[in-house]
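K.L.:
What follows is structure.cif, mmCIF, N, CA and C atoms.
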```cif
data_run
loop_
_atom_site.label_atom_id
_atom_site.label_comp_id
_atom_site.auth_asym_id
_atom_site.auth_seq_id
_atom_site.Cartn_x
_atom_site.Cartn_y
_atom_site.Cartn_z
N MET A 1 2.19 -35.41 1.14
CA MET A 1 2.87 -34.17 1.44
C MET A 1 2.85 -33.21 0.24
N SER A 2 2.89 -33.75 -0.96
CA SER A 2 2.91 -32.88 -2.13
C SER A 2 1.56 -32.21 -2.35
N ASP A 3 0.47 -32.90 -1.92
CA ASP A 3 -0.84 -32.27 -2.04
C ASP A 3 -0.94 -31.03 -1.16
N ASN A 4 -0.36 -31.10 0.03
CA ASN A 4 -0.36 -29.95 0.94
C ASN A 4 0.46 -28.80 0.35
N ALA A 5 1.63 -29.10 -0.20
CA ALA A 5 2.47 -28.06 -0.80
C ALA A 5 1.79 -27.46 -2.02
N ASN A 6 1.14 -28.31 -2.83
CA ASN A 6 0.44 -27.83 -4.01
C ASN A 6 -0.72 -26.93 -3.61
N TRP A 7 -1.43 -27.31 -2.53
CA TRP A 7 -2.54 -26.50 -2.06
C TRP A 7 -2.06 -25.13 -1.59
N GLU A 8 -0.92 -25.10 -0.88
CA GLU A 8 -0.38 -23.83 -0.39
C GLU A 8 0.02 -22.92 -1.55
N VAL A 9 0.57 -23.49 -2.60
CA VAL A 9 0.94 -22.70 -3.78
C VAL A 9 -0.31 -22.11 -4.43
N LYS A 10 -1.34 -22.94 -4.60
CA LYS A 10 -2.58 -22.45 -5.21
C LYS A 10 -3.26 -21.40 -4.33
N TYR A 11 -3.24 -21.63 -3.02
CA TYR A 11 -3.85 -20.67 -2.09
C TYR A 11 -3.10 -19.34 -2.10
N GLY A 12 -1.79 -19.39 -2.13
CA GLY A 12 -1.00 -18.17 -2.19
C GLY A 12 -1.25 -17.40 -3.47
N ARG A 13 -1.34 -18.12 -4.57
CA ARG A 13 -1.62 -17.48 -5.87
C ARG A 13 -3.01 -16.85 -5.85
N LEU A 14 -3.99 -17.55 -5.26
CA LEU A 14 -5.35 -17.02 -5.15
C LEU A 14 -5.37 -15.75 -4.31
N LEU A 15 -4.65 -15.74 -3.19
CA LEU A 15 -4.61 -14.55 -2.33
C LEU A 15 -3.98 -13.35 -3.05
N ARG A 16 -2.89 -13.59 -3.77
CA ARG A 16 -2.25 -12.49 -4.51
C ARG A 16 -3.17 -11.96 -5.60
N THR A 17 -3.86 -12.86 -6.30
CA THR A 17 -4.80 -12.43 -7.34
C THR A 17 -5.95 -11.63 -6.74
N LEU A 18 -6.48 -12.12 -5.62
CA LEU A 18 -7.57 -11.41 -4.95
C LEU A 18 -7.12 -10.03 -4.46
N ALA A 19 -5.89 -9.94 -3.93
CA ALA A 19 -5.37 -8.65 -3.48
C ALA A 19 -5.20 -7.69 -4.65
N LEU A 20 -4.75 -8.19 -5.79
CA LEU A 20 -4.58 -7.35 -6.97
C LEU A 20 -5.93 -6.84 -7.47
N ILE A 21 -6.91 -7.72 -7.57
CA ILE A 21 -8.24 -7.32 -8.04
C ILE A 21 -8.87 -6.31 -7.08
N THR A 22 -8.75 -6.56 -5.78
CA THR A 22 -9.30 -5.64 -4.79
C THR A 22 -8.61 -4.28 -4.88
N SER A 23 -7.31 -4.28 -5.08
CA SER A 23 -6.57 -3.01 -5.22
C SER A 23 -7.04 -2.23 -6.43
N ILE A 24 -7.26 -2.91 -7.53
CA ILE A 24 -7.72 -2.24 -8.75
C ILE A 24 -9.12 -1.67 -8.55
N VAL A 25 -10.01 -2.43 -7.93
CA VAL A 25 -11.39 -1.96 -7.69
C VAL A 25 -11.38 -0.75 -6.76
N VAL A 26 -10.59 -0.80 -5.70
CA VAL A 26 -10.51 0.33 -4.77
C VAL A 26 -9.94 1.56 -5.47
N ALA A 27 -8.92 1.38 -6.31
CA ALA A 27 -8.34 2.51 -7.03
C ALA A 27 -9.36 3.13 -7.98
N ILE A 28 -10.13 2.31 -8.66
CA ILE A 28 -11.16 2.83 -9.58
C ILE A 28 -12.24 3.59 -8.80
N LEU A 29 -12.67 3.03 -7.68
CA LEU A 29 -13.68 3.71 -6.86
C LEU A 29 -13.14 5.03 -6.30
N ALA A 30 -11.88 5.04 -5.88
CA ALA A 30 -11.29 6.28 -5.36
C ALA A 30 -11.19 7.34 -6.46
N CYS A 31 -10.79 6.94 -7.66
CA CYS A 31 -10.72 7.90 -8.77
C CYS A 31 -12.11 8.42 -9.13
N GLY A 32 -13.10 7.54 -9.13
CA GLY A 32 -14.47 7.97 -9.41
C GLY A 32 -14.98 8.95 -8.37
N THR A 33 -14.68 8.69 -7.11
CA THR A 33 -15.08 9.59 -6.04
C THR A 33 -14.38 10.94 -6.19
N LEU A 34 -13.12 10.92 -6.54
CA LEU A 34 -12.38 12.17 -6.75
C LEU A 34 -12.95 12.98 -7.91
N ILE A 35 -13.30 12.30 -8.99
CA ILE A 35 -13.88 13.00 -10.14
C ILE A 35 -15.23 13.62 -9.76
N LEU A 36 -16.06 12.87 -9.03
CA LEU A 36 -17.33 13.44 -8.59
C LEU A 36 -17.14 14.63 -7.65
N LEU A 37 -16.15 14.54 -6.77
CA LEU A 37 -15.86 15.66 -5.87
C LEU A 37 -15.41 16.89 -6.64
N LEU A 38 -14.53 16.69 -7.63
CA LEU A 38 -14.07 17.82 -8.43
C LEU A 38 -15.20 18.42 -9.25
N ASN A 39 -16.10 17.59 -9.76
CA ASN A 39 -17.23 18.11 -10.54
C ASN A 39 -18.19 18.91 -9.66
N SER A 40 -18.41 18.45 -8.44
CA SER A 40 -19.39 19.13 -7.60
C SER A 40 -18.85 20.41 -6.97
N THR A 41 -17.56 20.48 -6.66
CA THR A 41 -17.02 21.69 -6.03
C THR A 41 -16.31 22.61 -7.01
N GLY A 42 -15.93 22.11 -8.14
CA GLY A 42 -15.21 22.92 -9.11
C GLY A 42 -13.71 22.81 -8.91
N PHE A 43 -12.98 22.78 -10.00
CA PHE A 43 -11.54 22.57 -9.92
C PHE A 43 -10.80 23.82 -9.45
N ALA A 44 -11.38 24.99 -9.60
CA ALA A 44 -10.69 26.22 -9.21
C ALA A 44 -10.36 26.22 -7.72
N PHE A 45 -11.27 25.73 -6.90
CA PHE A 45 -11.02 25.67 -5.46
C PHE A 45 -9.87 24.73 -5.14
N TRP A 46 -9.86 23.56 -5.76
CA TRP A 46 -8.86 22.55 -5.46
C TRP A 46 -7.50 22.86 -6.07
N GLN A 47 -7.47 23.71 -7.09
CA GLN A 47 -6.21 24.03 -7.74
C GLN A 47 -5.24 24.71 -6.77
N SER A 48 -5.72 25.64 -5.97
CA SER A 48 -4.84 26.31 -5.00
C SER A 48 -4.41 25.35 -3.89
N VAL A 49 -5.32 24.46 -3.47
CA VAL A 49 -4.97 23.48 -2.44
C VAL A 49 -3.88 22.54 -2.95
N LEU A 50 -4.01 22.09 -4.19
CA LEU A 50 -3.01 21.19 -4.76
C LEU A 50 -1.65 21.87 -4.92
N LYS A 51 -1.66 23.14 -5.29
CA LYS A 51 -0.38 23.86 -5.44
C LYS A 51 0.32 24.04 -4.10
N GLU A 52 -0.42 24.35 -3.07
CA GLU A 52 0.19 24.62 -1.76
C GLU A 52 0.55 23.34 -1.00
N HIS A 53 -0.25 22.29 -1.16
CA HIS A 53 -0.07 21.08 -0.35
C HIS A 53 -0.02 19.83 -1.23
N PHE A 54 0.81 19.85 -2.26
CA PHE A 54 0.85 18.72 -3.19
C PHE A 54 1.30 17.43 -2.51
N LEU A 55 2.33 17.54 -1.67
CA LEU A 55 2.84 16.34 -1.01
C LEU A 55 1.80 15.73 -0.07
N GLY A 56 1.03 16.56 0.59
CA GLY A 56 0.02 16.05 1.51
C GLY A 56 -1.21 15.50 0.81
N THR A 57 -1.57 16.05 -0.35
CA THR A 57 -2.79 15.61 -1.02
C THR A 57 -2.55 14.47 -2.00
N ILE A 58 -1.53 14.55 -2.78
CA ILE A 58 -1.27 13.54 -3.80
C ILE A 58 -0.11 12.63 -3.40
N GLY A 59 0.93 13.21 -2.83
CA GLY A 59 2.13 12.45 -2.51
C GLY A 59 1.92 11.34 -1.51
N LEU A 60 1.18 11.61 -0.44
CA LEU A 60 0.96 10.58 0.57
C LEU A 60 0.11 9.42 0.05
N ILE A 61 -0.81 9.71 -0.84
CA ILE A 61 -1.61 8.65 -1.43
C ILE A 61 -0.72 7.73 -2.26
N GLY A 62 0.17 8.30 -3.03
CA GLY A 62 1.11 7.49 -3.81
C GLY A 62 2.06 6.71 -2.93
N ILE A 63 2.49 7.31 -1.83
CA ILE A 63 3.40 6.63 -0.91
C ILE A 63 2.71 5.42 -0.27
N VAL A 64 1.48 5.58 0.15
CA VAL A 64 0.74 4.48 0.76
C VAL A 64 0.52 3.36 -0.25
N CYS A 65 0.19 3.71 -1.49
CA CYS A 65 0.00 2.70 -2.53
C CYS A 65 1.31 1.97 -2.84
N ALA A 66 2.41 2.70 -2.89
CA ALA A 66 3.71 2.07 -3.16
C ALA A 66 4.10 1.13 -2.03
N ALA A 67 3.85 1.52 -0.79
CA ALA A 67 4.16 0.65 0.34
C ALA A 67 3.27 -0.59 0.33
N PHE A 68 2.00 -0.43 -0.01
CA PHE A 68 1.10 -1.58 -0.11
C PHE A 68 1.58 -2.54 -1.18
N GLY A 69 1.99 -2.01 -2.33
CA GLY A 69 2.50 -2.86 -3.40
C GLY A 69 3.78 -3.57 -3.01
N THR A 70 4.65 -2.87 -2.28
CA THR A 70 5.90 -3.47 -1.84
C THR A 70 5.64 -4.66 -0.93
N VAL A 71 4.75 -4.49 0.01
CA VAL A 71 4.50 -5.55 0.99
C VAL A 71 3.65 -6.67 0.40
N THR A 72 2.66 -6.34 -0.41
CA THR A 72 1.70 -7.34 -0.87
C THR A 72 2.18 -8.13 -2.08
N PHE A 73 2.72 -7.45 -3.07
CA PHE A 73 2.96 -8.12 -4.33
C PHE A 73 4.37 -8.68 -4.49
N LEU A 74 5.31 -8.31 -3.64
CA LEU A 74 6.62 -8.92 -3.71
C LEU A 74 6.57 -10.24 -2.96
N ARG A 75 6.88 -11.29 -3.64
CA ARG A 75 6.77 -12.63 -3.04
C ARG A 75 7.84 -12.83 -1.98
N GLN A 76 7.45 -13.53 -0.94
CA GLN A 76 8.40 -13.87 0.11
C GLN A 76 9.07 -15.17 -0.29
N SER A 77 10.39 -15.18 -0.29
CA SER A 77 11.10 -16.35 -0.78
C SER A 77 11.30 -17.41 0.30
N GLU A 78 11.30 -17.05 1.55
CA GLU A 78 11.57 -18.02 2.60
C GLU A 78 10.52 -18.02 3.70
N GLY A 79 9.26 -17.98 3.35
CA GLY A 79 8.21 -18.05 4.35
C GLY A 79 7.82 -16.69 4.88
N PRO A 80 7.09 -16.69 6.00
CA PRO A 80 6.60 -15.43 6.57
C PRO A 80 7.74 -14.55 7.11
N ILE A 81 7.46 -13.26 7.18
CA ILE A 81 8.44 -12.30 7.68
C ILE A 81 8.52 -12.43 9.20
N GLU A 82 9.74 -12.53 9.72
CA GLU A 82 9.97 -12.57 11.16
C GLU A 82 11.17 -11.68 11.47
N PHE A 83 11.01 -10.78 12.43
CA PHE A 83 12.15 -9.96 12.85
C PHE A 83 11.90 -9.41 14.25
N GLU A 84 12.98 -8.95 14.86
CA GLU A 84 12.93 -8.34 16.18
C GLU A 84 13.36 -6.90 16.08
N ALA A 85 12.62 -6.03 16.77
CA ALA A 85 12.97 -4.61 16.78
C ALA A 85 12.54 -4.01 18.12
N LEU A 86 13.41 -3.27 18.72
CA LEU A 86 13.12 -2.58 19.97
C LEU A 86 12.62 -3.54 21.05
N GLY A 87 13.18 -4.73 21.09
CA GLY A 87 12.81 -5.69 22.12
C GLY A 87 11.51 -6.42 21.85
N MET A 88 10.90 -6.21 20.68
CA MET A 88 9.65 -6.90 20.33
C MET A 88 9.92 -7.84 19.16
N ARG A 89 9.20 -8.94 19.13
CA ARG A 89 9.35 -9.92 18.06
C ARG A 89 8.07 -9.91 17.22
N PHE A 90 8.24 -9.82 15.90
CA PHE A 90 7.12 -9.79 14.97
C PHE A 90 7.19 -11.02 14.08
N LYS A 91 6.06 -11.72 13.93
CA LYS A 91 5.99 -12.91 13.09
C LYS A 91 4.73 -12.86 12.23
N GLY A 92 4.80 -13.49 11.08
CA GLY A 92 3.63 -13.66 10.22
C GLY A 92 3.04 -12.35 9.75
N ALA A 93 1.72 -12.18 9.91
CA ALA A 93 1.02 -10.99 9.42
C ALA A 93 1.47 -9.73 10.15
N ALA A 94 1.83 -9.87 11.43
CA ALA A 94 2.33 -8.70 12.16
C ALA A 94 3.60 -8.17 11.52
N GLY A 95 4.43 -9.06 11.02
CA GLY A 95 5.65 -8.64 10.34
C GLY A 95 5.35 -7.84 9.10
N GLN A 96 4.33 -8.24 8.34
CA GLN A 96 3.96 -7.50 7.13
C GLN A 96 3.38 -6.14 7.46
N VAL A 97 2.59 -6.06 8.52
CA VAL A 97 2.01 -4.77 8.92
C VAL A 97 3.11 -3.81 9.35
N VAL A 98 4.05 -4.31 10.14
CA VAL A 98 5.16 -3.46 10.58
C VAL A 98 6.02 -3.07 9.39
N LEU A 99 6.24 -3.98 8.45
CA LEU A 99 7.00 -3.64 7.25
C LEU A 99 6.29 -2.56 6.45
N TRP A 100 4.95 -2.65 6.34
CA TRP A 100 4.19 -1.63 5.63
C TRP A 100 4.34 -0.27 6.32
N MET A 101 4.21 -0.26 7.65
CA MET A 101 4.36 1.00 8.39
C MET A 101 5.77 1.57 8.21
N LEU A 102 6.76 0.71 8.24
CA LEU A 102 8.14 1.15 8.04
C LEU A 102 8.34 1.74 6.65
N CYS A 103 7.75 1.10 5.65
CA CYS A 103 7.83 1.62 4.28
C CYS A 103 7.16 2.99 4.16
N VAL A 104 5.97 3.14 4.75
CA VAL A 104 5.26 4.42 4.68
C VAL A 104 6.05 5.52 5.37
N VAL A 105 6.55 5.24 6.57
CA VAL A 105 7.30 6.27 7.31
C VAL A 105 8.58 6.64 6.55
N THR A 106 9.29 5.65 6.04
CA THR A 106 10.54 5.92 5.33
C THR A 106 10.28 6.73 4.07
N MET A 107 9.31 6.33 3.27
CA MET A 107 9.02 7.06 2.03
C MET A 107 8.49 8.46 2.32
N SER A 108 7.70 8.61 3.40
CA SER A 108 7.20 9.94 3.75
C SER A 108 8.33 10.87 4.16
N LEU A 109 9.26 10.36 4.96
CA LEU A 109 10.41 11.17 5.36
C LEU A 109 11.28 11.53 4.18
N CYS A 110 11.49 10.58 3.28
CA CYS A 110 12.28 10.87 2.08
C CYS A 110 11.60 11.92 1.21
N ALA A 111 10.28 11.79 1.06
CA ALA A 111 9.55 12.78 0.26
C ALA A 111 9.62 14.16 0.91
N LYS A 112 9.52 14.21 2.22
CA LYS A 112 9.61 15.51 2.93
C LYS A 112 10.99 16.12 2.76
N LEU A 113 12.02 15.28 2.86
CA LEU A 113 13.39 15.79 2.69
C LEU A 113 13.63 16.27 1.27
N LEU A 114 13.07 15.60 0.27
CA LEU A 114 13.28 15.98 -1.12
C LEU A 114 12.36 17.10 -1.57
N TRP A 115 11.27 17.34 -0.86
CA TRP A 115 10.32 18.38 -1.25
C TRP A 115 10.88 19.68 -0.91
#
```
The structure given in the file should be rewritten as structure tokens.
P.N.:
Amino acid sequence: MSDNANWEVKYGRLLRTLALITSIVVAILACGTLILLLNSTGFAFWQSVLKEHFLGTIGLIGIVCAAFGTVTFLRQSEGPIEFEALGMRFKGAAGQVVLWMLCVVTMSLCAKLLW
């Protein structure tokens, strides 16, 4: 029984490490793409867009990243997420997806109210 528990601990650690590395690689690629886009179109065009729509261009990206970090990197202390809402039951990975969506919607509404 201890071999199974030890394997689950190692597997969980491997998944968290893989998620962190993948997140870093995606962030680097996104920044590189943004830099290439700014170089090819010029920053003067994007400056007015950023001033008028900062929450939509930069804020939502940060909100999605924060929600991803909340759901992925915070360890679950008592197994998979399970909850019921609006007459539906969510278990396992579905619980994490719904939690991510809830985090994004909540942070987006808060950002809109504070903007």
K.L.:
Which residues would end up in the selection if the PyMOL selection byres (((chain A and resi 94-108 and name CA) around 7) and name CA) were applied here, given that I need the answer as a PDB file with N, CA and C atoms, keeping the file's coordinate frame?
P.N.:
```pdb
ATOM      1  N   ILE A  63       2.490   7.310  -1.830  1.00  0.00           N
ATOM      2  CA  ILE A  63       3.400   6.630  -0.910  1.00  0.00           C
ATOM      3  C   ILE A  63       2.710   5.420  -0.270  1.00  0.00           C
ATOM      4  N   VAL A  64       1.480   5.580   0.150  1.00  0.00           N
ATOM      5  CA  VAL A  64       0.740   4.480   0.760  1.00  0.00           C
ATOM      6  C   VAL A  64       0.520   3.360  -0.250  1.00  0.00           C
ATOM      7  N   ALA A  67       3.850   1.520  -0.790  1.00  0.00           N
ATOM      8  CA  ALA A  67       4.160   0.650   0.340  1.00  0.00           C
ATOM      9  C   ALA A  67       3.270  -0.590   0.330  1.00  0.00           C
ATOM     10  N   PHE A  68       2.000  -0.430  -0.010  1.00  0.00           N
ATOM     11  CA  PHE A  68       1.100  -1.580  -0.110  1.00  0.00           C
ATOM     12  C   PHE A  68       1.580  -2.540  -1.180  1.00  0.00           C
ATOM     13  N   VAL A  71       4.750  -4.490   0.010  1.00  0.00           N
ATOM     14  CA  VAL A  71       4.500  -5.550   0.990  1.00  0.00           C
ATOM     15  C   VAL A  71       3.650  -6.670   0.400  1.00  0.00           C
ATOM     16  N   ILE A  81       7.460 -13.260   7.180  1.00  0.00           N
ATOM     17  CA  ILE A  81       8.440 -12.300   7.680  1.00  0.00           C
ATOM     18  C   ILE A  81       8.520 -12.430   9.200  1.00  0.00           C
ATOM     19  N   GLU A  82       9.740 -12.530   9.720  1.00  0.00           N
ATOM     20  CA  GLU A  82       9.970 -12.570  11.160  1.00  0.00           C
ATOM     21  C   GLU A  82      11.170 -11.680  11.470  1.00  0.00           C
ATOM     22  N   PHE A  90       8.240  -9.820  15.900  1.00  0.00           N
ATOM     23  CA  PHE A  90       7.120  -9.790  14.970  1.00  0.00           C
ATOM     24  C   PHE A  90       7.190 -11.020  14.080  1.00  0.00           C
ATOM     25  N   LYS A  91       6.060 -11.720  13.930  1.00  0.00           N
ATOM     26  CA  LYS A  91       5.990 -12.910  13.090  1.00  0.00           C
ATOM     27  C   LYS A  91       4.730 -12.860  12.230  1.00  0.00           C
ATOM     28  N   GLY A  92       4.800 -13.490  11.080  1.00  0.00           N
ATOM     29  CA  GLY A  92       3.630 -13.660  10.220  1.00  0.00           C
ATOM     30  C   GLY A  92       3.040 -12.350   9.750  1.00  0.00           C
ATOM     31  N   ALA A  93       1.720 -12.180   9.910  1.00  0.00           N
ATOM     32  CA  ALA A  93       1.020 -10.990   9.420  1.00  0.00           C
ATOM     33  C   ALA A  93       1.470  -9.730  10.150  1.00  0.00           C
ATOM     34  N   LEU A 109       9.260  10.360   4.960  1.00  0.00           N
ATOM     35  CA  LEU A 109      10.410  11.170   5.360  1.00  0.00           C
ATOM     36  C   LEU A 109      11.280  11.530   4.180  1.00  0.00           C
ATOM     37  N   CYS A 110      11.490  10.580   3.280  1.00  0.00           N
ATOM     38  CA  CYS A 110      12.280  10.870   2.080  1.00  0.00           C
ATOM     39  C   CYS A 110      11.600  11.920   1.210  1.00  0.00           C
ATOM     40  N   ALA A 111      10.280  11.790   1.060  1.00  0.00           N
ATOM     41  CA  ALA A 111       9.550  12.780   0.260  1.00  0.00           C
ATOM     42  C   ALA A 111       9.620  14.160   0.910  1.00  0.00           C
ATOM     43  N   LYS A 112       9.520  14.210   2.220  1.00  0.00           N
ATOM     44  CA  LYS A 112       9.610  15.510   2.930  1.00  0.00           C
ATOM     45  C   LYS A 112      10.990  16.120   2.760  1.00  0.00           C
TER      46      LYS A 112
END
```
K.L.:
From the DSSP assignment of the backbone, select every residue of chain A that is strand (DSSP E), and format the answer as an MDAnalysis selection string.
P.N.:
chainID A and resid 82:85 88:91
K.L.:
In Å, rounded to a single decimal, give me how far atom C of Ser23 in chain A is from CA of Phe54 in chain A.
P.N.:
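Going from CA of Phe54 in chain A over to atom C of Ser23 in chain A, I get 22.6 Å.
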K.L.:
Could you check which of A:Ala19, A:Ala44, A:Ala27, A:Leu86 is closest to Cys65 in chain A, using only C-alpha atoms?
P.N.:
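Going through A:Ala19, A:Ala44, A:Ala27, A:Leu86 one by one, the smallest distance to Cys65 in chain A is for A:Ala27.
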K.L.:
Identify all residues of range 5-97 of chain A in helix (DSSP H, G or I) (DSSP on the backbone) and supply them as number ranges by chain.
P.N.:
A: 5-41, 43-52, 54-73, 93-97
K.L.:
Between atom C of Arg16 in chain A and atom C of Ala66 in chain A, what is the distance, to one decimal in Å?
P.N.:
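We find that atom C of Arg16 in chain A and atom C of Ala66 in chain A lie 15.4 Å from each other.
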K.L.:
Between CA of Phe73 in chain A and CA of Thr17 in chain A, what is the distance, to one decimal in Å?
P.N.:
9.4 Å
K.L.:
May I ask which of the residues A:Leu20, A:Met88, A:Glu52, A:Leu113 is the closest one to Thr72 in chain A, counting all atoms listed in the file?
P.N.:
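Of the candidates, the smallest distance to Thr72 in chain A is held by A:Leu20.
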